[in-house]
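Working notes, beginning with the structure itself.
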Amino acid sequence: MTGIKEIAKRANVSISTVSYALNNSPRVSEKTKQRILTIAKEMNYIPNRAGQNLRRKQTEIIGVHLSSYSGSFYGELLDGIQHMAKELGFDIIACSGEKSRLFLPQGMIDGIIVLDQFYPDEQLLEYAESGHEIVVLDRQLEHDHIRNVLLDNKEGIKQAVQSLAASPVETIDIINGPQGNFDSYERLETATQEISKLGKKFRIYKGWFTEESGYVAAREIAREVQPGSPVEILALNDEMGIGAYNYFKKTDYFKQTQINITGFDDLMVSRYLDPRMNSVSYSKREWGAVSMNTLYKMLNGQESKDSLISTKFLYR
């Protein structure tokens with residue numbers, strides 16, 4: 001079945017341009033619209049009537065694009081978005097994957113909140129250029145129709161590293177997040193700079209912001225551990241820190257060696273580990289609420305601005 005993606009490819013225009021033409025929008029010229037309509041007819045395109053009906057007015061539905069649904073992290077964030085959306089008279093849908101990225105240009109939703117590193121910058125900028133309102137939580141993009149609502153990764157990591165100043169360890173083991181991830185990049189860059197300022201060294205281990213990757217990294221760290229010597233691990237999110245904890249908990253390392261683990265996100269489960277895991281804390285519900293409120297202002301032509309969600313290191 002022919003879709004607007006195939007029409008856009010044949011017409012050599014953007015998906016949003018095809019959507020505007022099929023919905024008789026004044027945002028495209030009459031010449032371009034007629035050319036697209038002719039191509040659509042030749043390709044036996046059958047329009048999505050539900051989508052067309054929604055396009056005529058606000059749907060009062062917001063799309064939240066996520067790269068994953070795993071872990072408690074996303075639950076708290078979505079809860080913050082949902083509560084603010086309800087207060088403002090909106091509903092939300094959580095989605096992921098390439099096909100769901102067509103919801104916005106097809107008019108099925110009014111705007112989007114993005115925490116999905118796999119969502120291409122180019123596509124977001126294209127939609128913004130077409131007048132769609134977008135809030136991003138995982139990158140910095142400059143456009144009149146885009147707002148950045150980001151975590152203050154730098155301050156949280158600075159505080160976490162400063163807490164290690166009195167530690168006798170000479171080398172701090174860092175479990176990194178996925179390559180290409182904005183938060184991972186900021187946290188790693190800040191961590192390495194601050195550790196160097198302390199006159200200490202660091203080792204970096206690959207991770208993916210998952211518990212499993214933290215477990216694997218801990219197994220590699222264990223090969224460097226000298227019995228009786230203290231170990232400082234800085235995991236760039238709590239899930240990896242918990243994975244590292246689970247690995248060492250199954251061994252005798254906690255009995256033989258002082259192993260301190262610091263994470264980022266202050267997940268509920270991290271507060272009940274024994275020995276305790278320190279973490280950088282912030283309100284995920286606030287993050288979600290601010291992002292939703294920002295998008296609402298954009299959709300209603302009100303003044304809006306970029307925001308930075310505060311973070312704080314918690315020593316337990």
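For the structure tokens, the naming scheme is as follows: chains receive sequential letters (A, B, ...) according to their order of presentation, residues are indexed from 1 within each chain, and ligands are indexed from 1 in presentation order.
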Excluding A:Glu232 and its own-chain neighbours fewer than 6 positions away, which residues fall within 8 Å of it when counting only C-alpha atoms? Please give them as a ChimeraX atom specification. /A:169,171-173,259-262
May I have all residues of stretch 154-187 of chain A that DSSP, computed from the backbone, assigns to strand (DSSP E), given as an MDAnalysis selection string? chainID A and resid 171:175
Just the selected residues (N, CA and C atoms), exported as a PDB file, in the first residue's frame, please.
ATOM      1  N   THR A 171      43.310   5.895  40.883  1.00  0.00           N
ATOM      2  CA  THR A 171      42.630   5.759  39.598  1.00  0.00           C
ATOM      3  C   THR A 171      41.152   5.455  39.822  1.00  0.00           C
ATOM      4  N   ILE A 172      40.293   6.231  39.198  1.00  0.00           N
ATOM      5  CA  ILE A 172      38.845   6.052  39.304  1.00  0.00           C
ATOM      6  C   ILE A 172      38.333   5.341  38.056  1.00  0.00           C
ATOM      7  N   ASP A 173      37.523   4.326  38.260  1.00  0.00           N
ATOM      8  CA  ASP A 173      36.972   3.542  37.151  1.00  0.00           C
ATOM      9  C   ASP A 173      35.615   4.130  36.736  1.00  0.00           C
ATOM     10  N   ILE A 174      35.518   4.530  35.486  1.00  0.00           N
ATOM     11  CA  ILE A 174      34.293   5.137  34.957  1.00  0.00           C
ATOM     12  C   ILE A 174      33.591   4.147  34.033  1.00  0.00           C
ATOM     13  N   ILE A 175      32.309   3.906  34.295  1.00  0.00           N
ATOM     14  CA  ILE A 175      31.505   3.105  33.368  1.00  0.00           C
ATOM     15  C   ILE A 175      30.705   4.084  32.522  1.00  0.00           C
TER      16      ILE A 175
END
Point out the residue among A:Glu239, A:Glu42, A:Glu194, A:Glu87 with the least atom-to-atom distance to A:Gln162, counting only C-alpha atoms.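 Checking each of A:Glu239, A:Glu42, A:Glu194, A:Glu87 against A:Gln162, counting only C-alpha atoms, the winner is A:Glu194.
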Using only C-alpha atoms, which residues sit within 8 Å of stretch 13-18 of chain A once same-chain residues fewer than 5 positions away are excluded, as a PyMOL selection string? chain A and resi 4-5+7-8+28+33+36+105-106+127+130
C-alpha atoms of the current selection, written as a tab-separated table (two decimals), in the first residue's frame:
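As a result, out.tsv now contains:
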chain	number	residue	atom	x	y	z
A	4	ILE	CA	3.26	9.43	1.90
A	5	LYS	CA	6.87	8.29	2.34
A	7	ILE	CA	5.13	9.74	-2.62
A	8	ALA	CA	7.73	12.03	-1.03
A	28	VAL	CA	2.89	24.62	-0.05
A	33	LYS	CA	0.44	20.67	-4.42
A	36	ILE	CA	2.09	15.85	-5.51
A	105	PRO	CA	3.59	15.42	10.09
A	106	GLN	CA	0.36	13.44	9.57
A	127	TYR	CA	9.55	19.08	11.16
A	130	SER	CA	7.48	23.02	8.78
I'd like the contact shell of A:Ser70 - 12 Å cut-off, only C-alpha atoms, skipping same-chain residues fewer than 6 positions apart - returned as a ChimeraX atom specification. /A:76,209-211,239
Run DSSP on the backbone and grab whatever in stretch 12-159 of chain A lands in alpha helix (DSSP H); send it over as a PyMOL selection string. chain A and resi 15-22+30-42+49-55+73-87+121-129+153-159
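A straight line drawn from atom CA of A:Gly3 to atom CA of A:Ser25 is 18.1 Å long.
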A:Gln34, A:Thr251, A:Gln82, A:Thr257 ranked by distance to A:Val225, top pick (using only C-alpha atoms):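 Closest residue, counting only C-alpha atoms: A:Thr257.
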Separation of atom CA of A:Asp138 and atom CA of A:Asp116, in Å?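 So the two atoms, atom CA of A:Asp138 and atom CA of A:Asp116, lie 7.1 Å apart.
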Calculated over only C-alpha atoms, which of the candidates A:Arg101, A:Lys206, A:Lys305, A:His143 has the smallest distance to A:Gln123?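 Looking only at the distances to A:Gln123, the closest residue turns out to be A:Arg101.
Non-sequential neighbours of A:Ser304 (distance at most 7 Å, separation of 6 or more positions within a chain, only C-alpha atoms) are Thr294, Lys297 and Met298 of chain A.
Picture a line from atom CA of A:Lys197 to atom CA of A:Gln258; it runs 23.7 Å.
With only C-alpha atoms as the atoms that count, the residue of A:Met43, A:Ile157, A:Glu30, A:Ile134 with the shortest distance to A:Tyr185 is A:Ile157.
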